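**Q** After the C-alpha cells below, expect a handful of questions from me.
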Amino acid sequence: MSSPQPVGPWCSAHARPQDSVPWFRRRMPTVGRGVRLVAPAAFLALCGVLILAMVERQTGRPGFLVGLGLAVLPVPLVLGSLAWLDRVEPAPLRGLLFCFGWGACAATLVAIWANSWTAGLLASHQSPRGETIGSAVVAPLVEETCKGAAVLLLFLLRRRYVGSVIDGIVLAGFVACGFAFTENVLYLGRSYTEDQAVGNGMGGTVYTFVLRGVMSPFAHPLFTALIGIGFGVAAVGRGRLLRVAAPVGGWLAAVVLHGTWNAAASLGTGGFLLVYGVFMVPAFGGLIGLSVWSRSDELKVVGCQLPVYVWAGWLGPAEPAALSAMRLRGRARRRARALYGPAGGRAVAEYIALATALALLRRRAERGSTPVAEFTVRERELLHRLWERRPVAAVVLAEVAAAAPCSYGRS
C-alpha cells in the first residue's frame, strides 16, 4: 500500500519516502556520526574519572563508599517522577543519559573547582562574611550556570529534544539529579569521615542525609527546572525577544531561588524551616502544578492537531481520541503485546511517540517557532515512520478507542 502525501501547508505535495531523511543526515558520513556520538561520552567519562578522584580524595575510601550508598537512595524517586511527567512525549534515552552524566560529572567538576577557588580568594581577603557570600551568591551562580549549560547545548544542537516546557523541565531535572547525586556523595562522605574522626557514630551522617536526601531531594531539580522552563518557553514562543529573554529569566530565577535556599542555612533551624515553608514548598507546588498542566496541554494538542492527518489518510478516524488519552495509550500497548508479542508492543509505543511528536511539531510550526524548511523535512520523516508501524498500531488503537469512546482527552 502506498502512503498518502504530507498535508502541512509548508510541505511538498510529491514527497518520496527516501526524501524523509534530512539533508544533513544524508550527507554526513558514518564516521562523522560516530564521532559525534563518542565524543560527548568520552568527555563525560573523563570528567567522571576526575570527579571520582576528587571526591574520594576529600572523603577517603570508607567515606566515599558510605556516601555513594546513601546518595543513590533518592535518585530513583526523582528520576521516576521526571519519567512520569515525560510519558506523553518521552525524551530520547541518549539525551537523558547525557543530561544526567553532565550533571554528575562535568557540572560538578567545574562547580567544585570554581567554588574552591572562590572560597580561597575570599579567605585570602579575610572577608568576615566570605563563607556566606560564597554560599549564597557565588555557588548558585556557578552551579546553575554549569547545570543550565547542558540544556543550552541541547537547545542549540538538538532542538528536537527541547520542544516544550515539559521537555525543558525533564531535561533540566535529569541534569540537576546527576549534580545532586555527586554532591550528596561528597557531603555525606565528608560527614561520615568527620563522625569517625570524633567518635560520633553516624549522627552527623544521618543528619546530613535527612536534610539532603529526605527533606530536599528535589531542591536541585527545582532550581534548574526554572532554566528548563525558560528554554521550553523559548522553543514554543513567538518572537525573538521572548526566545532570548525566557532562558535568561529562567536562569536568574534559578540563581535567586538557589541563593535563598543556601542563605537559609545561616539563619539557624528556625530560619531554615521558615524559608523552607514560605519559599521552597510553594515553589515546588507551583512547579508540580505547571508540569501537570503542561502535560495535559500536550495531550490536548495531540487531539487538536492530528485530525488533519485523519482527513489526509495517514491516521484512522478514532486514533486522535486514543492518542490523546494516557489510559487508552496504555491499553493499546498492552493489547499490542497480547496480540503480537513484545515486537508489537514496541511498534505501538513507537507509533504513539511519533504521532505525539508530529502533533507538537505542527503546533510549533503554526506558532512560527519552527522554520518552514525544518517542518517540511521533519513532518515527512515522522509520517513515513508512522506508516511503517501502522499495520499493527491502527488495529489496536481502533479497538481500544471503540471500547472507551468517552475517554477522549483524559490523562
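Residues are named by chain letter and number: chains run A, B, ... in the order of the C-alpha cells, numbers start at 1 in each chain, and ligands are numbered from 1 in the order shown.
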Within 12 Å of A:Pro76, counting only C-alpha atoms, which residues qualify if same-chain residues fewer than 6 places away don't, as an mmCIF file with N, CA and C atoms, in the first residue's frame?

**A**
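selection_25.cif, freshly written:
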data_model
loop_
_atom_site.group_PDB
_atom_site.id
_atom_site.type_symbol
_atom_site.label_atom_id
_atom_site.label_comp_id
_atom_site.auth_asym_id
_atom_site.auth_seq_id
_atom_site.Cartn_x
_atom_site.Cartn_y
_atom_site.Cartn_z
ATOM 1 N N LEU A 82 10.285 12.378 37.212
ATOM 2 C CA LEU A 82 10.520 13.039 35.932
ATOM 3 C C LEU A 82 10.076 12.162 34.765
ATOM 4 N N ALA A 83 10.313 10.854 34.871
ATOM 5 C CA ALA A 83 9.869 9.944 33.810
ATOM 6 C C ALA A 83 8.349 9.933 33.695
ATOM 7 N N TRP A 84 7.644 10.047 34.816
ATOM 8 C CA TRP A 84 6.183 10.086 34.767
ATOM 9 C C TRP A 84 5.708 11.343 34.032
ATOM 10 N N PHE A 174 16.941 16.052 35.000
ATOM 11 C CA PHE A 174 17.940 14.988 34.936
ATOM 12 C C PHE A 174 19.339 15.539 35.189
ATOM 13 N N CYS A 177 19.509 16.217 38.932
ATOM 14 C CA CYS A 177 19.559 14.984 39.714
ATOM 15 C C CYS A 177 20.967 14.399 39.709
ATOM 16 N N GLY A 178 21.619 14.424 38.548
ATOM 17 C CA GLY A 178 23.002 13.971 38.486
ATOM 18 C C GLY A 178 23.917 14.822 39.335
ATOM 19 N N PHE A 181 23.311 14.096 42.997
ATOM 20 C CA PHE A 181 23.851 12.784 43.359
ATOM 21 C C PHE A 181 25.330 12.887 43.722
ATOM 22 N N GLY A 213 18.664 14.188 51.627
ATOM 23 C CA GLY A 213 18.027 13.077 50.946
ATOM 24 C C GLY A 213 16.557 12.899 51.244
ATOM 25 N N PRO A 217 15.260 16.306 48.424
ATOM 26 C CA PRO A 217 15.793 15.602 47.252
ATOM 27 C C PRO A 217 15.461 16.302 45.941
ATOM 28 N N PHE A 218 14.419 17.145 45.946
ATOM 29 C CA PHE A 218 14.014 17.841 44.724
ATOM 30 C C PHE A 218 14.538 19.275 44.667
#

**Q** Can you pull out every residue within 10 Å of A:Gly204, counting only C-alpha atoms, but drop anything in the same chain fewer than 5 positions away, and send it as an MDAnalysis selection string?

**A** chainID A and resid 188 190:196 209:210

**Q** Go ahead and save the residues from that selection, with N, CA, C and O atoms, as a tab-separated table (two decimals), in the first residue's frame.

**A**
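The new file selection39.tsv reads:
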chain	number	residue	atom	x	y	z
A	188	LEU	N	27.87	13.65	52.16
A	188	LEU	CA	27.65	12.52	53.05
A	188	LEU	C	28.96	11.82	53.39
A	188	LEU	O	29.15	11.37	54.53
A	190	ARG	N	31.93	13.24	53.54
A	190	ARG	CA	32.63	14.10	54.50
A	190	ARG	C	32.05	13.94	55.90
A	190	ARG	O	32.78	13.87	56.89
A	191	SER	N	30.72	13.92	55.97
A	191	SER	CA	30.07	13.79	57.28
A	191	SER	C	30.47	12.48	57.95
A	191	SER	O	30.75	12.45	59.16
A	192	TYR	N	30.50	11.40	57.19
A	192	TYR	CA	30.88	10.12	57.77
A	192	TYR	C	32.33	10.14	58.25
A	192	TYR	O	32.64	9.65	59.35
A	193	THR	N	33.22	10.72	57.45
A	193	THR	CA	34.62	10.79	57.84
A	193	THR	C	34.79	11.63	59.11
A	193	THR	O	35.57	11.27	60.02
A	194	GLU	N	34.08	12.73	59.21
A	194	GLU	CA	34.15	13.56	60.41
A	194	GLU	C	33.57	12.84	61.62
A	194	GLU	O	34.11	12.94	62.73
A	195	ASP	N	32.48	12.12	61.43
A	195	ASP	CA	31.90	11.34	62.53
A	195	ASP	C	32.89	10.32	63.07
A	195	ASP	O	33.03	10.15	64.29
A	196	GLN	N	33.57	9.65	62.16
A	196	GLN	CA	34.54	8.64	62.60
A	196	GLN	C	35.74	9.27	63.28
A	196	GLN	O	36.32	8.69	64.21
A	209	PHE	N	21.96	13.26	55.74
A	209	PHE	CA	21.09	12.51	54.84
A	209	PHE	C	19.64	12.96	54.96
A	209	PHE	O	18.94	13.10	53.94
A	210	VAL	N	19.17	13.20	56.20
A	210	VAL	CA	17.79	13.66	56.38
A	210	VAL	C	17.60	15.02	55.71
A	210	VAL	O	16.59	15.26	55.02

**Q** Tell me which protein, DNA and RNA residues are within 9 Å of stretch 54-58 of chain A, counting only C-alpha atoms, leaving out same-chain ones fewer than 2 positions away, and put them as a VMD selection string.

**A** chain A and resid 49 to 52 60 to 65 109 182 to 183 185 to 186 189 to 190

**Q** Got a sec: who's within 8 Å of A:Gly232, counting only C-alpha atoms, leaving out chain neighbours fewer than 6 positions off, as a compact mmCIF listing (two decimals) with N, CA and C atoms, in the first residue's frame?

**A**
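Dumped to result_24.txt:
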# COMPACT_ATOMS: atom_id res chain seq x y z
N VAL A 162 14.29 19.65 22.92
CA VAL A 162 13.69 20.71 23.75
C VAL A 162 12.56 21.34 22.94
N GLY A 163 11.41 20.66 22.92
CA GLY A 163 10.32 21.13 22.09
C GLY A 163 9.13 21.64 22.87
N SER A 164 9.19 21.61 24.20
CA SER A 164 8.07 22.05 25.02
C SER A 164 8.56 22.36 26.42
N VAL A 165 7.67 22.92 27.23
CA VAL A 165 8.02 23.22 28.62
C VAL A 165 8.33 21.93 29.38
N ILE A 166 7.55 20.88 29.15
CA ILE A 166 7.81 19.60 29.82
C ILE A 166 9.19 19.08 29.45
N ASP A 167 9.57 19.17 28.19
CA ASP A 167 10.91 18.73 27.78
C ASP A 167 11.98 19.49 28.56
N GLY A 168 11.81 20.80 28.69
CA GLY A 168 12.79 21.59 29.42
C GLY A 168 12.88 21.18 30.88
N ILE A 169 11.73 20.97 31.51
CA ILE A 169 11.71 20.57 32.92
C ILE A 169 12.38 19.21 33.10

**Q** List the neighbours of A:Arg363 out to 12 Å using only C-alpha atoms; skip same-chain residues closer than 6 positions along the sequence, and give me the result as a PDB file with all heavy atoms, in the first residue's frame.

**A**
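And here is the file that came out, part-v8.pdb:
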ATOM      1  N   GLY A   8       0.816  19.173   5.483  1.00  0.00           N
ATOM      2  CA  GLY A   8       1.085  20.504   6.011  1.00  0.00           C
ATOM      3  C   GLY A   8       1.123  21.534   4.904  1.00  0.00           C
ATOM      4  O   GLY A   8       1.540  21.252   3.782  1.00  0.00           O
ATOM      5  N   GLY A 163      11.415  20.656  22.915  1.00  0.00           N
ATOM      6  CA  GLY A 163      10.317  21.131  22.095  1.00  0.00           C
ATOM      7  C   GLY A 163       9.125  21.641  22.868  1.00  0.00           C
ATOM      8  O   GLY A 163       8.148  22.083  22.272  1.00  0.00           O
ATOM      9  N   SER A 164       9.190  21.607  24.199  1.00  0.00           N
ATOM     10  CA  SER A 164       8.068  22.049  25.018  1.00  0.00           C
ATOM     11  C   SER A 164       8.561  22.363  26.420  1.00  0.00           C
ATOM     12  O   SER A 164       9.725  22.093  26.760  1.00  0.00           O
ATOM     13  CB  SER A 164       6.992  20.958  25.077  1.00  0.00           C
ATOM     14  OG  SER A 164       7.478  19.823  25.764  1.00  0.00           O
ATOM     15  N   ALA A 235      11.306  27.531  23.086  1.00  0.00           N
ATOM     16  CA  ALA A 235      11.080  26.583  21.993  1.00  0.00           C
ATOM     17  C   ALA A 235       9.712  26.749  21.360  1.00  0.00           C
ATOM     18  O   ALA A 235       9.554  26.506  20.155  1.00  0.00           O
ATOM     19  CB  ALA A 235      11.253  25.154  22.502  1.00  0.00           C
ATOM     20  N   VAL A 236       8.715  27.140  22.149  1.00  0.00           N
ATOM     21  CA  VAL A 236       7.351  27.231  21.613  1.00  0.00           C
ATOM     22  C   VAL A 236       6.861  28.673  21.492  1.00  0.00           C
ATOM     23  O   VAL A 236       5.785  28.904  20.942  1.00  0.00           O
ATOM     24  CB  VAL A 236       6.360  26.458  22.522  1.00  0.00           C
ATOM     25  CG1 VAL A 236       6.763  24.999  22.606  1.00  0.00           C
ATOM     26  CG2 VAL A 236       6.297  27.060  23.928  1.00  0.00           C
ATOM     27  N   GLY A 237       7.640  29.624  21.986  1.00  0.00           N
ATOM     28  CA  GLY A 237       7.199  31.014  22.000  1.00  0.00           C
ATOM     29  C   GLY A 237       7.326  31.699  20.661  1.00  0.00           C
ATOM     30  O   GLY A 237       7.991  31.216  19.736  1.00  0.00           O
ATOM     31  N   ARG A 238       6.679  32.843  20.575  1.00  0.00           N
ATOM     32  CA  ARG A 238       6.729  33.647  19.360  1.00  0.00           C
ATOM     33  C   ARG A 238       7.548  34.899  19.627  1.00  0.00           C
ATOM     34  O   ARG A 238       7.410  35.528  20.661  1.00  0.00           O
ATOM     35  CB  ARG A 238       5.318  34.051  18.938  1.00  0.00           C
ATOM     36  CG  ARG A 238       4.382  32.874  18.670  1.00  0.00           C
ATOM     37  CD  ARG A 238       2.984  33.353  18.350  1.00  0.00           C
ATOM     38  NE  ARG A 238       2.073  32.234  18.126  1.00  0.00           N
ATOM     39  CZ  ARG A 238       0.780  32.366  17.887  1.00  0.00           C
ATOM     40  NH1 ARG A 238       0.239  33.582  17.830  1.00  0.00           N
ATOM     41  NH2 ARG A 238       0.028  31.310  17.694  1.00  0.00           N
ATOM     42  N   ASP A 297      -1.830  19.777  28.603  1.00  0.00           N
ATOM     43  CA  ASP A 297      -1.902  20.602  27.394  1.00  0.00           C
ATOM     44  C   ASP A 297      -1.338  19.867  26.186  1.00  0.00           C
ATOM     45  O   ASP A 297      -1.864  19.983  25.076  1.00  0.00           O
ATOM     46  CB  ASP A 297      -1.149  21.909  27.622  1.00  0.00           C
ATOM     47  CG  ASP A 297      -1.197  22.830  26.422  1.00  0.00           C
ATOM     48  OD1 ASP A 297      -2.300  23.284  26.062  1.00  0.00           O
ATOM     49  OD2 ASP A 297      -0.128  23.087  25.826  1.00  0.00           O
ATOM     50  N   GLU A 298      -0.267  19.098  26.392  1.00  0.00           N
ATOM     51  CA  GLU A 298       0.296  18.330  25.286  1.00  0.00           C
ATOM     52  C   GLU A 298      -0.707  17.305  24.762  1.00  0.00           C
ATOM     53  O   GLU A 298      -0.803  17.082  23.553  1.00  0.00           O
ATOM     54  CB  GLU A 298       1.585  17.640  25.730  1.00  0.00           C
ATOM     55  CG  GLU A 298       2.755  18.594  25.930  1.00  0.00           C
ATOM     56  CD  GLU A 298       4.051  17.877  26.203  1.00  0.00           C
ATOM     57  OE1 GLU A 298       3.999  16.652  26.482  1.00  0.00           O
ATOM     58  OE2 GLU A 298       5.117  18.512  26.148  1.00  0.00           O
ATOM     59  N   LYS A 300      -3.943  17.632  24.846  1.00  0.00           N
ATOM     60  CA  LYS A 300      -4.951  18.381  24.095  1.00  0.00           C
ATOM     61  C   LYS A 300      -4.436  18.752  22.709  1.00  0.00           C
ATOM     62  O   LYS A 300      -5.188  18.728  21.733  1.00  0.00           O
ATOM     63  CB  LYS A 300      -5.342  19.638  24.865  1.00  0.00           C
ATOM     64  CG  LYS A 300      -6.107  19.358  26.160  1.00  0.00           C
ATOM     65  CD  LYS A 300      -6.429  20.650  26.888  1.00  0.00           C
ATOM     66  CE  LYS A 300      -7.159  20.374  28.191  1.00  0.00           C
ATOM     67  NZ  LYS A 300      -7.438  21.628  28.960  1.00  0.00           N
ATOM     68  N   VAL A 301      -3.155  19.087  22.622  1.00  0.00           N
ATOM     69  CA  VAL A 301      -2.566  19.407  21.318  1.00  0.00           C
ATOM     70  C   VAL A 301      -2.637  18.193  20.394  1.00  0.00           C
ATOM     71  O   VAL A 301      -2.942  18.320  19.201  1.00  0.00           O
ATOM     72  CB  VAL A 301      -1.112  19.870  21.495  1.00  0.00           C
ATOM     73  CG1 VAL A 301      -0.409  19.983  20.142  1.00  0.00           C
ATOM     74  CG2 VAL A 301      -1.070  21.210  22.214  1.00  0.00           C
ATOM     75  N   VAL A 302      -2.369  17.021  20.948  1.00  0.00           N
ATOM     76  CA  VAL A 302      -2.457  15.802  20.140  1.00  0.00           C
ATOM     77  C   VAL A 302      -3.864  15.642  19.576  1.00  0.00           C
ATOM     78  O   VAL A 302      -4.049  15.360  18.389  1.00  0.00           O
ATOM     79  CB  VAL A 302      -2.060  14.579  20.994  1.00  0.00           C
ATOM     80  CG1 VAL A 302      -2.363  13.282  20.237  1.00  0.00           C
ATOM     81  CG2 VAL A 302      -0.589  14.635  21.364  1.00  0.00           C
ATOM     82  N   GLY A 303      -4.879  15.840  20.426  1.00  0.00           N
ATOM     83  CA  GLY A 303      -6.246  15.699  19.970  1.00  0.00           C
ATOM     84  C   GLY A 303      -6.663  16.748  18.962  1.00  0.00           C
ATOM     85  O   GLY A 303      -7.507  16.482  18.089  1.00  0.00           O
ATOM     86  N   CYS A 304      -6.079  17.948  19.050  1.00  0.00           N
ATOM     87  CA  CYS A 304      -6.461  19.036  18.143  1.00  0.00           C
ATOM     88  C   CYS A 304      -5.709  19.015  16.816  1.00  0.00           C
ATOM     89  O   CYS A 304      -6.250  19.415  15.782  1.00  0.00           O
ATOM     90  CB  CYS A 304      -6.229  20.381  18.833  1.00  0.00           C
ATOM     91  SG  CYS A 304      -7.312  20.690  20.233  1.00  0.00           S
ATOM     92  N   GLN A 305      -4.456  18.552  16.821  1.00  0.00           N
ATOM     93  CA  GLN A 305      -3.620  18.645  15.627  1.00  0.00           C
ATOM     94  C   GLN A 305      -3.695  17.427  14.726  1.00  0.00           C
ATOM     95  O   GLN A 305      -3.489  17.534  13.512  1.00  0.00           O
ATOM     96  CB  GLN A 305      -2.152  18.878  16.029  1.00  0.00           C
ATOM     97  CG  GLN A 305      -1.884  20.203  16.719  1.00  0.00           C
ATOM     98  CD  GLN A 305      -2.013  21.380  15.760  1.00  0.00           C
ATOM     99  OE1 GLN A 305      -2.053  21.210  14.543  1.00  0.00           O
ATOM    100  NE2 GLN A 305      -2.081  22.586  16.312  1.00  0.00           N
ATOM    101  N   LEU A 306      -3.989  16.262  15.276  1.00  0.00           N
ATOM    102  CA  LEU A 306      -3.938  15.042  14.470  1.00  0.00           C
ATOM    103  C   LEU A 306      -5.117  14.835  13.524  1.00  0.00           C
ATOM    104  O   LEU A 306      -4.971  14.107  12.529  1.00  0.00           O
ATOM    105  CB  LEU A 306      -3.795  13.812  15.378  1.00  0.00           C
ATOM    106  CG  LEU A 306      -2.448  13.678  16.094  1.00  0.00           C
ATOM    107  CD1 LEU A 306      -2.388  12.369  16.871  1.00  0.00           C
ATOM    108  CD2 LEU A 306      -1.277  13.769  15.116  1.00  0.00           C
ATOM    109  N   THR A 356       2.689  11.780  18.630  1.00  0.00           N
ATOM    110  CA  THR A 356       2.757  12.908  19.562  1.00  0.00           C
ATOM    111  C   THR A 356       3.766  13.939  19.080  1.00  0.00           C
ATOM    112  O   THR A 356       3.499  15.148  19.107  1.00  0.00           O
ATOM    113  CB  THR A 356       3.142  12.410  20.959  1.00  0.00           C
ATOM    114  OG1 THR A 356       2.214  11.404  21.378  1.00  0.00           O
ATOM    115  CG2 THR A 356       3.133  13.543  21.956  1.00  0.00           C
ATOM    116  N   ALA A 357       4.929  13.476  18.649  1.00  0.00           N
ATOM    117  CA  ALA A 357       5.933  14.402  18.130  1.00  0.00           C
ATOM    118  C   ALA A 357       5.410  15.158  16.915  1.00  0.00           C
ATOM    119  O   ALA A 357       5.683  16.351  16.741  1.00  0.00           O
ATOM    120  CB  ALA A 357       7.209  13.630  17.773  1.00  0.00           C
ATOM    121  N   SER A 369       7.556  29.029  15.562  1.00  0.00           N
ATOM    122  CA  SER A 369       8.786  28.727  16.285  1.00  0.00           C
ATOM    123  C   SER A 369       9.604  27.628  15.631  1.00  0.00           C
ATOM    124  O   SER A 369      10.729  27.364  16.051  1.00  0.00           O
ATOM    125  CB  SER A 369       8.463  28.325  17.738  1.00  0.00           C
ATOM    126  OG  SER A 369       7.545  27.253  17.771  1.00  0.00           O
ATOM    127  N   THR A 370       9.045  26.978  14.595  1.00  0.00           N
ATOM    128  CA  THR A 370       9.787  26.011  13.794  1.00  0.00           C
ATOM    129  C   THR A 370       9.827  26.508  12.359  1.00  0.00           C
ATOM    130  O   THR A 370       8.776  26.748  11.759  1.00  0.00           O
ATOM    131  CB  THR A 370       9.124  24.624  13.831  1.00  0.00           C
ATOM    132  OG1 THR A 370       9.169  24.111  15.160  1.00  0.00           O
ATOM    133  CG2 THR A 370       9.845  23.648  12.909  1.00  0.00           C
ATOM    134  N   PRO A 371      11.017  26.681  11.778  1.00  0.00           N
ATOM    135  CA  PRO A 371      11.104  27.178  10.400  1.00  0.00           C
ATOM    136  C   PRO A 371      10.391  26.257   9.423  1.00  0.00           C
ATOM    137  O   PRO A 371      10.260  25.055   9.641  1.00  0.00           O
ATOM    138  CB  PRO A 371      12.618  27.203  10.127  1.00  0.00           C
ATOM    139  CG  PRO A 371      13.247  27.257  11.481  1.00  0.00           C
ATOM    140  CD  PRO A 371      12.336  26.499  12.389  1.00  0.00           C
ATOM    141  N   PHE A 375      10.228  22.181   9.309  1.00  0.00           N
ATOM    142  CA  PHE A 375       8.950  21.493   9.465  1.00  0.00           C
ATOM    143  C   PHE A 375       8.715  20.515   8.317  1.00  0.00           C
ATOM    144  O   PHE A 375       8.272  19.384   8.524  1.00  0.00           O
ATOM    145  CB  PHE A 375       7.803  22.495   9.534  1.00  0.00           C
ATOM    146  CG  PHE A 375       6.447  21.844   9.508  1.00  0.00           C
ATOM    147  CD1 PHE A 375       5.882  21.359  10.664  1.00  0.00           C
ATOM    148  CD2 PHE A 375       5.763  21.691   8.311  1.00  0.00           C
ATOM    149  CE1 PHE A 375       4.642  20.734  10.639  1.00  0.00           C
ATOM    150  CE2 PHE A 375       4.524  21.072   8.280  1.00  0.00           C
ATOM    151  CZ  PHE A 375       3.960  20.597   9.446  1.00  0.00           C
ATOM    152  N   GLU A 379       8.285  16.680   9.185  1.00  0.00           N
ATOM    153  CA  GLU A 379       6.958  16.088   9.003  1.00  0.00           C
ATOM    154  C   GLU A 379       7.025  14.865   8.099  1.00  0.00           C
ATOM    155  O   GLU A 379       6.415  13.832   8.381  1.00  0.00           O
ATOM    156  CB  GLU A 379       5.978  17.107   8.431  1.00  0.00           C
ATOM    157  CG  GLU A 379       4.542  16.586   8.412  1.00  0.00           C
ATOM    158  CD  GLU A 379       3.646  17.334   7.443  1.00  0.00           C
ATOM    159  OE1 GLU A 379       4.127  17.682   6.342  1.00  0.00           O
ATOM    160  OE2 GLU A 379       2.474  17.562   7.782  1.00  0.00           O
TER     161      GLU A 379
END

**Q** Can you work out which one of A:Gly67, A:Pro307, A:Gly230, A:Gly271 has the shortest atom-to-atom distance to A:Glu319, counting only C-alpha atoms?

**A**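 When distances to A:Glu319 are compared using only C-alpha atoms, the smallest one comes from A:Pro307.
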
**Q** Give the alpha helix (DSSP H) residues of stretch 166-307 of chain A, as DSSP finds them on the backbone, and put them as a ChimeraX atom specification.

**A** /A:166-198,203-209,219-236,240-264,268-275,281-305,307

**Q** If you keep C-alpha atoms, can you produce a file of those selected residues as a CSV table (one decimal), in the first residue's frame?

**A**
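Okay, result-v2.csv is ready:
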chain,number,residue,atom,x,y,z
A,166,ILE,CA,7.8,19.6,29.8
A,167,ASP,CA,10.9,18.7,27.8
A,168,GLY,CA,12.8,21.6,29.4
A,169,ILE,CA,11.7,20.6,32.9
A,170,VAL,CA,12.6,16.9,32.4
A,171,LEU,CA,16.0,17.5,30.8
A,172,ALA,CA,16.9,20.1,33.4
A,173,GLY,CA,15.7,17.8,36.1
A,174,PHE,CA,17.9,15.0,34.9
A,175,VAL,CA,20.9,17.3,34.9
A,176,ALA,CA,20.1,18.5,38.4
A,177,CYS,CA,19.6,15.0,39.7
A,178,GLY,CA,23.0,14.0,38.5
A,179,PHE,CA,24.5,17.1,40.1
A,180,ALA,CA,22.8,16.4,43.4
A,181,PHE,CA,23.9,12.8,43.4
A,182,THR,CA,27.6,13.6,43.1
A,183,GLU,CA,27.2,16.5,45.6
A,184,ASN,CA,25.5,14.2,48.1
A,185,VAL,CA,28.3,11.6,47.8
A,186,LEU,CA,30.7,14.4,48.7
A,187,TYR,CA,28.7,15.9,51.6
A,188,LEU,CA,27.6,12.5,53.1
A,189,GLY,CA,31.2,11.1,52.7
A,190,ARG,CA,32.6,14.1,54.5
A,191,SER,CA,30.1,13.8,57.3
A,192,TYR,CA,30.9,10.1,57.8
A,193,THR,CA,34.6,10.8,57.8
A,194,GLU,CA,34.1,13.6,60.4
A,195,ASP,CA,31.9,11.3,62.5
A,196,GLN,CA,34.5,8.6,62.6
A,197,ALA,CA,37.3,11.1,63.4
A,198,VAL,CA,35.5,12.4,66.5
A,203,GLY,CA,25.0,11.2,64.0
A,204,GLY,CA,26.3,13.8,61.5
A,205,THR,CA,25.9,11.5,58.6
A,206,VAL,CA,22.2,10.8,59.5
A,207,TYR,CA,21.5,14.5,59.9
A,208,THR,CA,23.1,15.3,56.5
A,209,PHE,CA,21.1,12.5,54.8
A,219,ALA,CA,15.9,21.0,45.6
A,220,HIS,CA,18.4,21.0,42.8
A,221,PRO,CA,15.8,19.8,40.2
A,222,LEU,CA,13.5,22.6,41.3
A,223,PHE,CA,16.2,25.3,40.8
A,224,THR,CA,17.4,24.0,37.4
A,225,ALA,CA,13.8,23.3,36.2
A,226,LEU,CA,13.3,27.0,36.1
A,227,ILE,CA,16.1,27.2,33.5
A,228,GLY,CA,14.4,24.3,31.6
A,229,ILE,CA,11.1,26.2,31.7
A,230,GLY,CA,12.8,29.2,30.1
A,231,PHE,CA,14.2,27.1,27.3
A,232,GLY,CA,10.8,25.3,26.9
A,233,VAL,CA,9.1,28.7,26.5
A,234,ALA,CA,11.7,29.7,24.0
A,235,ALA,CA,11.1,26.6,22.0
A,236,VAL,CA,7.4,27.2,21.6
A,240,ARG,CA,13.0,36.6,19.0
A,241,LEU,CA,12.9,38.7,22.2
A,242,LEU,CA,10.9,36.1,24.1
A,243,ARG,CA,13.2,33.3,22.9
A,244,VAL,CA,16.2,35.2,24.4
A,245,ALA,CA,14.5,36.6,27.5
A,246,ALA,CA,12.9,33.4,28.6
A,247,PRO,CA,16.1,31.3,29.2
A,248,VAL,CA,17.8,34.3,30.8
A,249,GLY,CA,14.9,34.9,33.1
A,250,GLY,CA,14.7,31.2,34.0
A,251,TRP,CA,18.5,31.3,34.8
A,252,LEU,CA,18.1,34.3,37.0
A,253,ALA,CA,15.1,32.8,38.8
A,254,ALA,CA,17.1,29.6,39.4
A,255,VAL,CA,20.0,31.6,40.8
A,256,VAL,CA,17.8,33.6,43.1
A,257,LEU,CA,15.9,30.7,44.5
A,258,HIS,CA,19.1,28.6,44.9
A,259,GLY,CA,20.8,31.5,46.7
A,260,THR,CA,17.8,31.9,49.0
A,261,TRP,CA,17.9,28.3,49.9
A,262,ASN,CA,21.7,28.4,50.6
A,263,ALA,CA,21.4,31.6,52.7
A,264,ALA,CA,18.7,29.9,54.8
A,268,GLY,CA,19.6,28.7,62.2
A,269,THR,CA,17.0,25.9,62.4
A,270,GLY,CA,14.0,28.3,62.8
A,271,GLY,CA,15.1,30.5,59.9
A,272,PHE,CA,15.7,27.5,57.7
A,273,LEU,CA,12.3,26.0,58.4
A,274,LEU,CA,10.7,29.4,57.7
A,275,VAL,CA,12.4,29.6,54.3
A,281,VAL,CA,7.2,24.4,49.4
A,282,PRO,CA,5.1,26.9,47.4
A,283,ALA,CA,7.7,27.0,44.6
A,284,PHE,CA,7.8,23.2,44.4
A,285,GLY,CA,4.0,23.1,44.5
A,286,GLY,CA,3.9,25.6,41.6
A,287,LEU,CA,6.3,23.6,39.6
A,288,ILE,CA,4.2,20.5,40.1
A,289,GLY,CA,1.1,22.4,39.0
A,290,LEU,CA,2.8,23.8,35.9
A,291,SER,CA,4.2,20.4,35.0
A,292,VAL,CA,0.8,18.6,35.3
A,293,TRP,CA,-0.9,21.4,33.3
A,294,SER,CA,1.7,21.3,30.6
A,295,ARG,CA,1.4,17.5,30.4
A,296,SER,CA,-2.4,17.9,30.0
A,297,ASP,CA,-1.9,20.6,27.4
A,298,GLU,CA,0.3,18.3,25.3
A,299,LEU,CA,-2.5,15.7,25.2
A,300,LYS,CA,-5.0,18.4,24.1
A,301,VAL,CA,-2.6,19.4,21.3
A,302,VAL,CA,-2.5,15.8,20.1
A,303,GLY,CA,-6.2,15.7,20.0
A,304,CYS,CA,-6.5,19.0,18.1
A,305,GLN,CA,-3.6,18.6,15.6
A,307,PRO,CA,-7.4,15.2,12.8

**Q** Given the choices A:Arg94, A:Thr59, A:Tyr309, A:Leu70, which gets closest to A:Ala41 if the distance is worked out from only C-alpha atoms?

**A**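 Ranked by minimum distance to A:Ala41, first place goes to A:Arg94.
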
**Q** Mind pulling up the distance from atom CA of A:Tyr351 to atom CA of A:Pro391?

**A**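 Atom-to-atom, atom CA of A:Pro391 and atom CA of A:Tyr351 are spaced 10.5 Å apart.
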
**Q** By how many Å are atom CA of A:Leu315 and atom CA of A:Leu93 apart?

**A**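 So the two atoms, atom CA of A:Leu315 and atom CA of A:Leu93, lie 26.7 Å apart.
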
**Q** In Å, rounded to a single decimal, give me how far atom CA of A:Gly148 is from atom CA of A:Asp86.

**A**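 Those two atoms sit 19.0 Å apart.
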
**Q** Give me the residues near A:Gly48 as a list in words, where near means some atom within 8 Å (using only C-alpha atoms) and where sequence neighbours in that chain fewer than 4 positions away do not count.

**A** Leu44, Leu52, Ala104, Cys105 and Ala106 of chain A
